[in-house]
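In what follows, a single structure is set out as structure tokens and then discussed.
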Amino acid sequence: MTSAKESAPGQPATALRELLELLRRGAPVEQFTRPAGDARAAGAGPAEQALVEEATRVALDIRRTLDQHRRREAELTALFDTAGDLAALRDLDAVLRAIVHRARMLLGTDIAYMTLNDPAVGDTFMRVTDGSVSAAFQQLRLGMGEGLGGLVAQTARPYASADYRTDDRFRHTDTIDNGVREEGLRGILGVPLRVGTRVIGVLYAADRAVRDFAPDAVALLSSLADHAAVAIDSARLLEETRAALVELGVATETARARSEAVRLAAETHDRLTRLVLRGGDVADVAREVAALLGGSLVVHDADGAELARVGPDPVVPPAPALDASRSGGRAVAADGVWVCAVLAGPELLGSITLGGRGDLPDSERRLFERAGLVTALLLLLRRSIAHAEDRVRGELLGDLLAPAAPGRVRDTGSQTLRARKLGVDLTRPHALVVLHCDAALRSRLATEAARHARARDGLAGLHQGHVVLLAPTDSPGPLARALAAELGQALGTPVTAGSAGPAAGPDGLPGTYAEALRCLEALHALGHTGDGAGLPDLGFLGVLLGDRADVGAYVERVLGPVIAYDTQRGTELIRTLEAYFAQGASLARTKDALHLHVNTVVQRLDRVRQILGEDWNSPAGALEVQLALRILRLAAARPRPVPGPSMPHSPATPYPTSK
């Protein structure tokens, strides 16, 4: 007993030292009750025990004060750190994540998150989360006034709920409640993010257990929310500044590019203008443009004929690209080339094709299109010159075809001289072709005929309402057939061509024109629209229509091979044919008339078939053969005239008579 009493006076000092040690170590609250228990166990008196308990209360107060100071220091540190983040604002997302994370750490909550308002939709959406485990919660969108956050965003005031699930102060929705339930949240605190008087979002701190949020927590979260609002608004201003700088840079670059394009266009215009004024043609323009654009270039006319080429390989413009350029009036890229239609209003004059350039800047594309404009001017100029020349050629052709007035002599000398100045030599044999198509296309036919005439060193024009072409050749039939095919393809409609000739010198041209016109009329009468032919190609009809009936040539054309066969082999095929037609094409009567076996007659007629062709005995072929046989018999029965222009066969090749 005495030892206990003796030790009692030392217990308060021991307890005080232990309490101070606990304060120094920052021990948990429950350890501060241990010194008072030790004093009671040691038998301290009431006064000493009261002293120890009072010291314990003071120590706990001091601990709480220290905790508050520490928490305040941590809050200030967090705010200073946040201010530092804002000062060095580089990544808005990183700053917002740091603010949300600090809110969670400082308030000691299970989760912190931030929503931002979407003015376009009229709601708020989840921007940043820290501690969230629910994907559905992380994708929530809250309408204005919905849930705790929607109410904060709408009223711009902080709200707290110790247990949101059972709190009926807020307007609950299935979407929000399901997200909150999946995340497991109970206590929620939300404060507005304000820029001036405008609310741009909400900052939250939430626990998965019921919790009452003290005013200090509301104040701290509000401070962090203010910092977050500043960060967001600063980022917006910085982004607007950057966008303005980018736009300014783009505008500056655009102005520079346009200035350069204007300079290049002016320089190109001057170069092309000087080129044209010096008398340059399409080929000169093509070379200049190819040098400026650094590629190969080909110019075609409206028919696809190549007018000029700069580069090793010919390039044909793709038809879809040419159509697109023609309809849009701009250069079009297709199949690795650029195509620009050469237009005069809606009329297609030709095309320019640029190769070796994968892409063209706007300035170079405009240069390419300007080249198309200059080419159009040159082609129009060339066409105007050609039209003037065609009028001169047409006038000369009209004078050549017009018959001399009664009592007057044709001035063929001046006509020959005029023709020579146009590159036409009238001393050569010339064939004359009269062309016909639909009346609506007659002007186009005249233009195409003039182009073909220039290519053949001839003349073309309108005479007495007909399109007429004069060309140097001694084969009028092949010329007519070629023109009918080529012009028909160019116009897309049948063109009929009747020809006559050849004529040597201007004197025979009026008569040759009359024969060609009769040939054309005969082609139409026979249903040969769209074909070309000369009078000899019409058989005996040509003999009847021609002014210079060359019956010898007709017989030679129809029966010449058979006559030659008889002459060379001593056969009697001509005599057999005469008997065959005289007996009405009857084999039985023919063999009696010739005193031959029927098989011999059949063999001779088969030989004729082999010589003349399968259709020799058709109605039209038989008519031609019979007429030639009668002319042959008539020529053999009368005295042979002296050979002349109307009888081209010489005495060395008389018509054989029947044996």
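In the structure tokens, the first chain shown is A, the next is B, and so on; residue numbers restart at 1 for each chain, and ligands run from 1 in the order shown.
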Which polymer residues have any atom within 10 Å of an atom of stretch 362-365 of chain A, counting only C-alpha atoms, with same-chain residues fewer than 6 positions away left out, as a PDB file with N, CA and C atoms, in the first residue's frame?
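So the final result, stored in part.pdb, reads:
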```pdb
ATOM      1  N   ALA A 257      -0.620  32.148-102.000  1.00  0.00           N
ATOM      2  CA  ALA A 257      -0.824  31.246-103.135  1.00  0.00           C
ATOM      3  C   ALA A 257      -1.607  31.938-104.248  1.00  0.00           C
ATOM      4  N   ARG A 258      -2.620  32.711-103.866  1.00  0.00           N
ATOM      5  CA  ARG A 258      -3.394  33.406-104.887  1.00  0.00           C
ATOM      6  C   ARG A 258      -2.556  34.472-105.585  1.00  0.00           C
ATOM      7  N   GLU A 260       0.638  34.319-105.999  1.00  0.00           N
ATOM      8  CA  GLU A 260       1.528  33.595-106.900  1.00  0.00           C
ATOM      9  C   GLU A 260       0.767  33.096-108.123  1.00  0.00           C
ATOM     10  N   ALA A 261      -0.489  32.637-107.887  1.00  0.00           N
ATOM     11  CA  ALA A 261      -1.297  32.156-109.010  1.00  0.00           C
ATOM     12  C   ALA A 261      -1.611  33.290-109.979  1.00  0.00           C
ATOM     13  N   VAL A 262      -1.916  34.479-109.424  1.00  0.00           N
ATOM     14  CA  VAL A 262      -2.200  35.630-110.281  1.00  0.00           C
ATOM     15  C   VAL A 262      -0.962  36.008-111.084  1.00  0.00           C
ATOM     16  N   ARG A 263       0.200  35.975-110.394  1.00  0.00           N
ATOM     17  CA  ARG A 263       1.439  36.299-111.097  1.00  0.00           C
ATOM     18  C   ARG A 263       1.711  35.298-112.225  1.00  0.00           C
ATOM     19  N   LEU A 264       1.550  34.004-111.882  1.00  0.00           N
ATOM     20  CA  LEU A 264       1.787  32.969-112.887  1.00  0.00           C
ATOM     21  C   LEU A 264       0.783  33.074-114.031  1.00  0.00           C
ATOM     22  N   ALA A 265      -0.481  33.347-113.696  1.00  0.00           N
ATOM     23  CA  ALA A 265      -1.503  33.471-114.736  1.00  0.00           C
ATOM     24  C   ALA A 265      -1.209  34.656-115.648  1.00  0.00           C
ATOM     25  N   LEU A 292       5.640  24.686-119.473  1.00  0.00           N
ATOM     26  CA  LEU A 292       5.222  25.328-118.229  1.00  0.00           C
ATOM     27  C   LEU A 292       4.743  24.312-117.193  1.00  0.00           C
ATOM     28  N   LEU A 293       4.028  23.288-117.632  1.00  0.00           N
ATOM     29  CA  LEU A 293       3.445  22.312-116.711  1.00  0.00           C
ATOM     30  C   LEU A 293       4.341  21.103-116.494  1.00  0.00           C
ATOM     31  N   ARG A 330     -14.433  22.522-116.813  1.00  0.00           N
ATOM     32  CA  ARG A 330     -13.186  22.490-116.044  1.00  0.00           C
ATOM     33  C   ARG A 330     -12.342  21.307-116.487  1.00  0.00           C
ATOM     34  N   ALA A 331     -11.042  21.382-116.174  1.00  0.00           N
ATOM     35  CA  ALA A 331     -10.152  20.255-116.446  1.00  0.00           C
ATOM     36  C   ALA A 331     -10.488  19.102-115.505  1.00  0.00           C
ATOM     37  N   VAL A 332     -10.405  17.864-116.006  1.00  0.00           N
ATOM     38  CA  VAL A 332     -10.799  16.674-115.250  1.00  0.00           C
ATOM     39  C   VAL A 332      -9.656  15.662-115.309  1.00  0.00           C
ATOM     40  N   TRP A 338      -4.795  14.393-117.392  1.00  0.00           N
ATOM     41  CA  TRP A 338      -5.732  15.510-117.230  1.00  0.00           C
ATOM     42  C   TRP A 338      -6.303  15.864-118.595  1.00  0.00           C
ATOM     43  N   CYS A 340      -8.896  18.522-120.780  1.00  0.00           N
ATOM     44  CA  CYS A 340      -9.622  19.792-120.816  1.00  0.00           C
ATOM     45  C   CYS A 340     -10.299  19.910-122.182  1.00  0.00           C
ATOM     46  N   ALA A 371      -4.912  27.397-121.300  1.00  0.00           N
ATOM     47  CA  ALA A 371      -4.378  26.870-122.559  1.00  0.00           C
ATOM     48  C   ALA A 371      -5.505  26.363-123.447  1.00  0.00           C
TER      49      ALA A 371
END
```
Can you list, as a PyMOL selection string, every protein, DNA or RNA residue that comes within 8 Å of A:Met126 when you count only C-alpha atoms, leaving out same-chain residues fewer than 6 positions away?
chain A and resi 113-116+138-141
For stretch 489-494 of chain A, list every protein, DNA or RNA residue within 10 Å, evaluated using only C-alpha atoms, and leave out those in the same chain fewer than 2 positions away; present the list as a ChimeraX atom specification.
/A:303,436-438,441-442,444-445,448,483-487,496-497,529-531
Residues within 12 Å of A:Thr512, please, as a VMD selection string. Count only C-alpha atoms; anything in the same chain fewer than 6 positions from it doesn't count.
chain A and resid 400 to 403 429 to 434 468 to 470 476 498 to 506 518 to 519 534 to 535 545 to 548
Output file for the residues above (N, CA, C and O atoms, as a compact mmCIF listing (two decimals), in the first residue's frame):
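Printed below is again18.txt as written:
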```txt
# COMPACT_ATOMS: atom_id res chain seq x y z
N LEU A 400 -16.63 26.29 -162.47
CA LEU A 400 -16.19 25.16 -163.29
C LEU A 400 -17.36 24.30 -163.75
O LEU A 400 -17.34 23.72 -164.85
N LEU A 401 -18.40 24.18 -162.91
CA LEU A 401 -19.52 23.29 -163.24
C LEU A 401 -20.59 23.99 -164.06
O LEU A 401 -21.44 23.32 -164.66
N ALA A 402 -20.57 25.31 -164.06
CA ALA A 402 -21.62 26.03 -164.80
C ALA A 402 -21.35 25.94 -166.30
O ALA A 402 -20.23 26.17 -166.76
N PRO A 403 -22.35 25.57 -167.10
CA PRO A 403 -22.15 25.52 -168.56
C PRO A 403 -21.98 26.92 -169.13
O PRO A 403 -22.42 27.91 -168.55
N PRO A 429 -6.44 14.17 -164.41
CA PRO A 429 -7.81 13.63 -164.45
C PRO A 429 -8.50 13.81 -163.10
O PRO A 429 -7.92 13.54 -162.05
N HIS A 430 -9.73 14.27 -163.15
CA HIS A 430 -10.50 14.51 -161.92
C HIS A 430 -11.84 13.78 -161.99
O HIS A 430 -12.48 13.73 -163.05
N ALA A 431 -12.23 13.21 -160.85
CA ALA A 431 -13.56 12.63 -160.72
C ALA A 431 -14.43 13.60 -159.95
O ALA A 431 -13.96 14.36 -159.09
N LEU A 432 -15.73 13.57 -160.24
CA LEU A 432 -16.66 14.47 -159.59
C LEU A 432 -17.71 13.65 -158.86
O LEU A 432 -18.27 12.70 -159.43
N VAL A 433 -17.98 14.00 -157.59
CA VAL A 433 -18.91 13.25 -156.75
C VAL A 433 -20.00 14.20 -156.26
O VAL A 433 -19.69 15.29 -155.73
N VAL A 434 -21.26 13.81 -156.44
CA VAL A 434 -22.39 14.55 -155.90
C VAL A 434 -22.87 13.80 -154.66
O VAL A 434 -23.15 12.60 -154.72
N VAL A 468 -21.07 19.04 -153.76
CA VAL A 468 -20.26 18.48 -154.84
C VAL A 468 -18.80 18.48 -154.42
O VAL A 468 -18.32 19.44 -153.80
N LEU A 469 -18.09 17.42 -154.77
CA LEU A 469 -16.65 17.31 -154.46
C LEU A 469 -15.91 16.91 -155.72
O LEU A 469 -16.32 15.97 -156.43
N LEU A 470 -14.82 17.63 -156.00
CA LEU A 470 -13.97 17.36 -157.15
C LEU A 470 -12.59 16.97 -156.63
O LEU A 470 -11.99 17.70 -155.85
N PRO A 476 -13.52 7.00 -160.21
CA PRO A 476 -14.63 7.68 -159.52
C PRO A 476 -15.42 6.74 -158.61
O PRO A 476 -15.91 7.16 -157.56
N GLY A 498 -22.93 9.79 -155.71
CA GLY A 498 -22.92 9.42 -157.12
C GLY A 498 -21.75 10.09 -157.81
O GLY A 498 -21.55 11.30 -157.66
N SER A 499 -20.97 9.35 -158.57
CA SER A 499 -19.75 9.91 -159.16
C SER A 499 -19.74 9.71 -160.67
O SER A 499 -20.47 8.88 -161.21
N ALA A 500 -18.87 10.49 -161.31
CA ALA A 500 -18.66 10.37 -162.76
C ALA A 500 -17.25 10.85 -163.06
O ALA A 500 -16.60 11.50 -162.25
N GLY A 501 -16.81 10.58 -164.29
CA GLY A 501 -15.47 10.97 -164.69
C GLY A 501 -14.65 9.73 -165.06
O GLY A 501 -15.19 8.63 -165.24
N PRO A 502 -13.35 9.90 -165.20
CA PRO A 502 -12.61 11.15 -164.94
C PRO A 502 -12.71 12.13 -166.09
O PRO A 502 -12.93 11.75 -167.23
N ALA A 503 -12.56 13.41 -165.73
CA ALA A 503 -12.57 14.49 -166.72
C ALA A 503 -11.20 15.14 -166.74
O ALA A 503 -10.61 15.39 -165.68
N ALA A 504 -10.70 15.41 -167.91
CA ALA A 504 -9.40 16.06 -168.06
C ALA A 504 -9.62 17.49 -168.51
O ALA A 504 -10.06 17.75 -169.63
N GLY A 505 -9.36 18.43 -167.62
CA GLY A 505 -9.52 19.83 -167.97
C GLY A 505 -10.89 20.36 -167.61
O GLY A 505 -11.85 19.60 -167.40
N PRO A 506 -11.03 21.67 -167.52
CA PRO A 506 -12.29 22.28 -167.10
C PRO A 506 -13.43 22.08 -168.07
O PRO A 506 -14.60 22.10 -167.66
N ARG A 518 -27.04 12.21 -162.38
CA ARG A 518 -27.91 11.11 -162.80
C ARG A 518 -27.55 9.83 -162.04
O ARG A 518 -28.42 9.03 -161.70
N CYS A 519 -26.27 9.63 -161.78
CA CYS A 519 -25.85 8.45 -161.01
C CYS A 519 -26.44 8.50 -159.60
O CYS A 519 -26.92 7.48 -159.08
N GLY A 534 -20.10 4.73 -159.16
CA GLY A 534 -19.97 5.45 -160.41
C GLY A 534 -20.89 4.82 -161.44
O GLY A 534 -21.48 3.75 -161.21
N LEU A 535 -21.07 5.47 -162.59
CA LEU A 535 -21.96 4.93 -163.61
C LEU A 535 -21.57 3.52 -164.05
O LEU A 535 -22.45 2.67 -164.24
N LEU A 545 -27.60 5.76 -168.82
CA LEU A 545 -27.62 7.09 -168.23
C LEU A 545 -26.42 7.93 -168.65
O LEU A 545 -26.47 9.16 -168.62
N GLY A 546 -25.33 7.30 -169.05
CA GLY A 546 -24.12 8.03 -169.34
C GLY A 546 -24.17 8.76 -170.67
O GLY A 546 -24.76 8.28 -171.64
N ASP A 547 -23.55 9.93 -170.69
CA ASP A 547 -23.45 10.67 -171.94
C ASP A 547 -22.44 10.03 -172.88
O ASP A 547 -22.53 10.15 -174.09
N ARG A 548 -21.46 9.36 -172.32
CA ARG A 548 -20.41 8.73 -173.12
C ARG A 548 -20.55 7.23 -172.96
O ARG A 548 -19.84 6.61 -172.16
```
Could you give me, as a ChimeraX atom specification, the residues within 6 Å of A:Val299, counting only C-alpha atoms and dropping anything in the same chain fewer than 5 positions from it?
/A:306-308,351-352
Just the selected residues (all heavy atoms), exported as a short mmCIF file (atom, residue, chain, number, x, y, z; two decimals), in the first residue's frame, please.
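Contents of out.cif, freshly written:
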```cif
data_model
loop_
_atom_site.label_atom_id
_atom_site.label_comp_id
_atom_site.auth_asym_id
_atom_site.auth_seq_id
_atom_site.Cartn_x
_atom_site.Cartn_y
_atom_site.Cartn_z
N GLU A 306 -5.40 13.98 -134.27
CA GLU A 306 -4.33 14.63 -133.52
C GLU A 306 -3.85 15.87 -134.27
O GLU A 306 -3.45 15.81 -135.43
CB GLU A 306 -3.17 13.66 -133.31
CG GLU A 306 -2.05 14.21 -132.45
CD GLU A 306 -0.95 13.20 -132.22
OE1 GLU A 306 -1.21 12.16 -131.56
OE2 GLU A 306 0.17 13.44 -132.72
N LEU A 307 -3.87 17.02 -133.57
CA LEU A 307 -3.41 18.28 -134.16
C LEU A 307 -1.99 18.63 -133.75
O LEU A 307 -1.26 19.25 -134.51
CB LEU A 307 -4.35 19.42 -133.74
CG LEU A 307 -5.82 19.28 -134.12
CD1 LEU A 307 -6.61 20.47 -133.62
CD2 LEU A 307 -5.97 19.14 -135.63
N ALA A 308 -1.60 18.26 -132.53
CA ALA A 308 -0.25 18.56 -132.04
C ALA A 308 0.05 17.60 -130.90
O ALA A 308 -0.85 17.18 -130.18
CB ALA A 308 -0.15 20.01 -131.58
N SER A 351 -9.85 18.86 -127.80
CA SER A 351 -9.47 18.55 -126.43
C SER A 351 -7.97 18.67 -126.27
O SER A 351 -7.22 18.57 -127.25
CB SER A 351 -9.92 17.14 -126.05
OG SER A 351 -9.23 16.17 -126.83
N ILE A 352 -7.55 18.93 -125.02
CA ILE A 352 -6.14 18.92 -124.65
C ILE A 352 -5.96 17.87 -123.57
O ILE A 352 -6.71 17.85 -122.59
CB ILE A 352 -5.67 20.29 -124.13
CG1 ILE A 352 -5.96 21.38 -125.15
CG2 ILE A 352 -4.19 20.28 -123.82
CD1 ILE A 352 -5.54 22.76 -124.68
#
```
Residues within 6 Å of stretch 205-215 of chain A, only C-alpha atoms, excluding chain neighbours under 6 positions, as a PyMOL selection string:
chain A and resi 109-112+162-163+184-189
Dump all heavy atoms for the selected residues as an mmCIF file, in the first residue's frame?
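Generated output (selection.cif):
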```cif
data_model
loop_
_atom_site.group_PDB
_atom_site.id
_atom_site.type_symbol
_atom_site.label_atom_id
_atom_site.label_comp_id
_atom_site.auth_asym_id
_atom_site.auth_seq_id
_atom_site.Cartn_x
_atom_site.Cartn_y
_atom_site.Cartn_z
ATOM 1 N N THR A 109 -13.180 10.239 -50.601
ATOM 2 C CA THR A 109 -14.355 9.536 -51.126
ATOM 3 C C THR A 109 -13.924 8.362 -51.998
ATOM 4 O O THR A 109 -12.764 8.245 -52.387
ATOM 5 C CB THR A 109 -15.230 10.495 -51.961
ATOM 6 O OG1 THR A 109 -14.435 11.069 -52.991
ATOM 7 C CG2 THR A 109 -15.785 11.605 -51.078
ATOM 8 N N ASP A 110 -14.902 7.499 -52.275
ATOM 9 C CA ASP A 110 -14.614 6.339 -53.117
ATOM 10 C C ASP A 110 -14.466 6.722 -54.585
ATOM 11 O O ASP A 110 -13.765 6.039 -55.339
ATOM 12 C CB ASP A 110 -15.732 5.300 -52.972
ATOM 13 C CG ASP A 110 -15.814 4.738 -51.559
ATOM 14 O OD1 ASP A 110 -14.745 4.544 -50.945
ATOM 15 O OD2 ASP A 110 -16.933 4.512 -51.074
ATOM 16 N N ILE A 111 -15.133 7.784 -54.988
ATOM 17 C CA ILE A 111 -15.148 8.157 -56.402
ATOM 18 C C ILE A 111 -15.316 9.659 -56.524
ATOM 19 O O ILE A 111 -15.938 10.303 -55.640
ATOM 20 C CB ILE A 111 -16.299 7.418 -57.148
ATOM 21 C CG1 ILE A 111 -16.297 7.793 -58.631
ATOM 22 C CG2 ILE A 111 -17.646 7.711 -56.533
ATOM 23 C CD1 ILE A 111 -17.320 7.000 -59.450
ATOM 24 N N ALA A 112 -14.737 10.237 -57.548
ATOM 25 C CA ALA A 112 -14.960 11.634 -57.910
ATOM 26 C C ALA A 112 -15.119 11.683 -59.425
ATOM 27 O O ALA A 112 -14.490 10.910 -60.148
ATOM 28 C CB ALA A 112 -13.800 12.516 -57.450
ATOM 29 N N ALA A 162 -26.871 12.496 -48.322
ATOM 30 C CA ALA A 162 -26.212 11.446 -47.549
ATOM 31 C C ALA A 162 -26.486 10.075 -48.147
ATOM 32 O O ALA A 162 -25.624 9.184 -48.102
ATOM 33 C CB ALA A 162 -26.672 11.488 -46.081
ATOM 34 N N ASP A 163 -27.696 9.887 -48.739
ATOM 35 C CA ASP A 163 -28.043 8.617 -49.384
ATOM 36 C C ASP A 163 -28.940 8.949 -50.575
ATOM 37 O O ASP A 163 -30.157 9.125 -50.426
ATOM 38 C CB ASP A 163 -28.751 7.691 -48.396
ATOM 39 C CG ASP A 163 -28.937 6.287 -48.970
ATOM 40 O OD1 ASP A 163 -28.574 6.079 -50.158
ATOM 41 O OD2 ASP A 163 -29.429 5.402 -48.255
ATOM 42 N N GLY A 184 -22.798 1.588 -57.300
ATOM 43 C CA GLY A 184 -22.890 1.337 -55.852
ATOM 44 C C GLY A 184 -22.814 2.589 -55.009
ATOM 45 O O GLY A 184 -22.425 2.525 -53.830
ATOM 46 N N LEU A 185 -23.178 3.757 -55.521
ATOM 47 C CA LEU A 185 -23.034 5.018 -54.793
ATOM 48 C C LEU A 185 -24.202 5.245 -53.839
ATOM 49 O O LEU A 185 -25.343 4.879 -54.130
ATOM 50 C CB LEU A 185 -22.935 6.177 -55.792
ATOM 51 C CG LEU A 185 -21.760 6.132 -56.785
ATOM 52 C CD1 LEU A 185 -21.783 7.360 -57.675
ATOM 53 C CD2 LEU A 185 -20.438 6.030 -56.042
ATOM 54 N N ARG A 186 -23.882 5.916 -52.723
ATOM 55 C CA ARG A 186 -24.911 6.305 -51.740
ATOM 56 C C ARG A 186 -24.809 7.812 -51.484
ATOM 57 O O ARG A 186 -25.647 8.579 -51.892
ATOM 58 C CB ARG A 186 -24.750 5.519 -50.437
ATOM 59 C CG ARG A 186 -24.776 4.008 -50.591
ATOM 60 C CD ARG A 186 -26.120 3.514 -51.144
ATOM 61 N NE ARG A 186 -27.191 3.663 -50.218
ATOM 62 C CZ ARG A 186 -27.573 2.749 -49.319
ATOM 63 N NH1 ARG A 186 -26.917 1.588 -49.259
ATOM 64 N NH2 ARG A 186 -28.593 2.951 -48.501
ATOM 65 N N GLY A 187 -23.743 8.244 -50.781
ATOM 66 C CA GLY A 187 -23.567 9.661 -50.491
ATOM 67 C C GLY A 187 -22.928 10.386 -51.666
ATOM 68 O O GLY A 187 -21.893 9.958 -52.172
ATOM 69 N N ILE A 188 -23.559 11.508 -52.105
ATOM 70 C CA ILE A 188 -23.077 12.249 -53.272
ATOM 71 C C ILE A 188 -23.082 13.738 -52.950
ATOM 72 O O ILE A 188 -24.051 14.271 -52.390
ATOM 73 C CB ILE A 188 -23.947 11.992 -54.513
ATOM 74 C CG1 ILE A 188 -24.005 10.495 -54.853
ATOM 75 C CG2 ILE A 188 -23.440 12.768 -55.719
ATOM 76 C CD1 ILE A 188 -24.915 10.165 -56.010
ATOM 77 N N LEU A 189 -21.992 14.409 -53.325
ATOM 78 C CA LEU A 189 -21.876 15.858 -53.209
ATOM 79 C C LEU A 189 -21.548 16.404 -54.592
ATOM 80 O O LEU A 189 -20.638 15.906 -55.258
ATOM 81 C CB LEU A 189 -20.756 16.230 -52.225
ATOM 82 C CG LEU A 189 -20.333 17.710 -52.205
ATOM 83 C CD1 LEU A 189 -21.488 18.607 -51.776
ATOM 84 C CD2 LEU A 189 -19.122 17.899 -51.292
#
```
Between atom CA of A:Ala44 and atom CA of A:Thr56 lies a distance of 15.1 Å
Hey, can you check how far atom CA of A:Ala628 sits from atom CA of A:Val555?
5.1 Å
Using only C-alpha atoms: which of A:Glu369, A:Glu253, A:Asp592, A:Asp615 has the shortest distance to A:Ser325
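Smallest separation from A:Ser325 among the options: A:Glu369.
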Can you list every residue in stretch 294-455 of chain A that DSSP puts in alpha helix (DSSP H), as a ChimeraX atom specification?
/A:319-328,362-401,412-421,442-455
Straight-line distance linking atom CA of A:Gly45 with atom CA of A:Leu23, stated in Å to one decimal
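Straight-line distance from atom CA of A:Gly45 to atom CA of A:Leu23 works out to 24.9 Å.
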Can you tell me which residues surround stretch 47-55 of chain A at a distance of at most 12 Å, considering only C-alpha atoms, apart from same-chain residues fewer than 3 positions away, and format the answer as a PyMOL selection string?
chain A and resi 5+7-20+23+32-44+58-62
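Nearest to A:Gly122 of all the residues A:Ala153, A:Leu203, A:Ile574, A:Ala533 is A:Ala153, counting only C-alpha atoms.
Shortest atom-to-atom contact with A:Pro119 among A:Met144, A:Pro28, A:Val133, A:Leu193: A:Met144, counting only C-alpha atoms.
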Which parts of stretch 277-404 of chain A does DSSP call strand (DSSP E or B) when run on the backbone here, written out as a ChimeraX atom specification?
/A:296-301,306-310,332-334,337-344,347-355
Could you write out that same residue set with N, CA and C atoms as a short mmCIF file (atom, residue, chain, number, x, y, z; two decimals), in the first residue's frame?
```
data_model
loop_
_atom_site.label_atom_id
_atom_site.label_comp_id
_atom_site.auth_asym_id
_atom_site.auth_seq_id
_atom_site.Cartn_x
_atom_site.Cartn_y
_atom_site.Cartn_z
N SER A 296 3.75 15.73 -120.76
CA SER A 296 3.45 15.54 -122.18
C SER A 296 2.07 16.10 -122.47
N LEU A 297 1.85 16.52 -123.72
CA LEU A 297 0.58 17.17 -124.06
C LEU A 297 0.19 16.83 -125.48
N VAL A 298 -1.10 16.50 -125.66
CA VAL A 298 -1.63 16.16 -126.97
C VAL A 298 -2.90 16.97 -127.21
N VAL A 299 -3.02 17.53 -128.42
CA VAL A 299 -4.21 18.30 -128.81
C VAL A 299 -4.93 17.54 -129.90
N HIS A 300 -6.24 17.31 -129.72
CA HIS A 300 -7.07 16.65 -130.73
C HIS A 300 -8.17 17.61 -131.16
N ASP A 301 -8.66 17.40 -132.40
CA ASP A 301 -9.82 18.17 -132.83
C ASP A 301 -11.09 17.44 -132.42
N GLU A 306 -5.40 13.98 -134.27
CA GLU A 306 -4.33 14.63 -133.52
C GLU A 306 -3.85 15.87 -134.27
N LEU A 307 -3.87 17.02 -133.57
CA LEU A 307 -3.41 18.28 -134.16
C LEU A 307 -1.99 18.63 -133.75
N ALA A 308 -1.60 18.26 -132.53
CA ALA A 308 -0.25 18.56 -132.04
C ALA A 308 0.05 17.60 -130.90
N ARG A 309 1.35 17.30 -130.75
CA ARG A 309 1.75 16.40 -129.66
C ARG A 309 3.13 16.80 -129.17
N VAL A 310 3.28 16.88 -127.84
CA VAL A 310 4.57 17.12 -127.20
C VAL A 310 4.81 15.96 -126.26
N VAL A 332 -10.41 17.86 -116.01
CA VAL A 332 -10.80 16.67 -115.25
C VAL A 332 -9.66 15.66 -115.31
N ALA A 333 -9.38 15.03 -114.17
CA ALA A 333 -8.34 13.99 -114.11
C ALA A 333 -8.99 12.62 -114.23
N ALA A 334 -8.39 11.74 -115.04
CA ALA A 334 -8.91 10.38 -115.21
C ALA A 334 -7.82 9.53 -115.84
N VAL A 337 -4.26 10.93 -116.49
CA VAL A 337 -4.07 12.10 -117.35
C VAL A 337 -5.09 13.17 -116.96
N TRP A 338 -4.80 14.39 -117.39
CA TRP A 338 -5.73 15.51 -117.23
C TRP A 338 -6.30 15.86 -118.60
N VAL A 339 -7.62 16.07 -118.64
CA VAL A 339 -8.31 16.35 -119.90
C VAL A 339 -9.06 17.67 -119.76
N CYS A 340 -8.90 18.52 -120.78
CA CYS A 340 -9.62 19.79 -120.82
C CYS A 340 -10.30 19.91 -122.18
N ALA A 341 -11.61 20.04 -122.16
CA ALA A 341 -12.36 20.21 -123.42
C ALA A 341 -12.11 21.61 -123.97
N VAL A 342 -11.88 21.69 -125.28
CA VAL A 342 -11.70 22.97 -125.96
C VAL A 342 -13.06 23.37 -126.52
N LEU A 343 -13.64 24.43 -125.95
CA LEU A 343 -15.03 24.78 -126.25
C LEU A 343 -15.13 26.18 -126.81
N ALA A 344 -16.15 26.36 -127.65
CA ALA A 344 -16.59 27.68 -128.09
C ALA A 344 -18.08 27.75 -127.76
N GLU A 347 -20.20 24.40 -128.15
CA GLU A 347 -19.63 23.60 -129.24
C GLU A 347 -18.27 23.05 -128.85
N LEU A 348 -18.08 21.76 -129.07
CA LEU A 348 -16.79 21.11 -128.80
C LEU A 348 -15.89 21.27 -130.03
N LEU A 349 -14.76 21.96 -129.83
CA LEU A 349 -13.80 22.15 -130.91
C LEU A 349 -12.68 21.12 -130.87
N GLY A 350 -12.44 20.54 -129.70
CA GLY A 350 -11.36 19.57 -129.56
C GLY A 350 -11.08 19.31 -128.10
N SER A 351 -9.85 18.86 -127.80
CA SER A 351 -9.47 18.55 -126.43
C SER A 351 -7.97 18.67 -126.27
N ILE A 352 -7.55 18.93 -125.02
CA ILE A 352 -6.14 18.92 -124.65
C ILE A 352 -5.96 17.87 -123.57
N THR A 353 -4.96 17.00 -123.73
CA THR A 353 -4.70 15.94 -122.77
C THR A 353 -3.28 16.10 -122.24
N LEU A 354 -3.16 16.21 -120.91
CA LEU A 354 -1.87 16.38 -120.25
C LEU A 354 -1.50 15.09 -119.53
N GLY A 355 -0.34 14.54 -119.82
CA GLY A 355 0.14 13.32 -119.17
C GLY A 355 1.39 13.59 -118.36
#
```
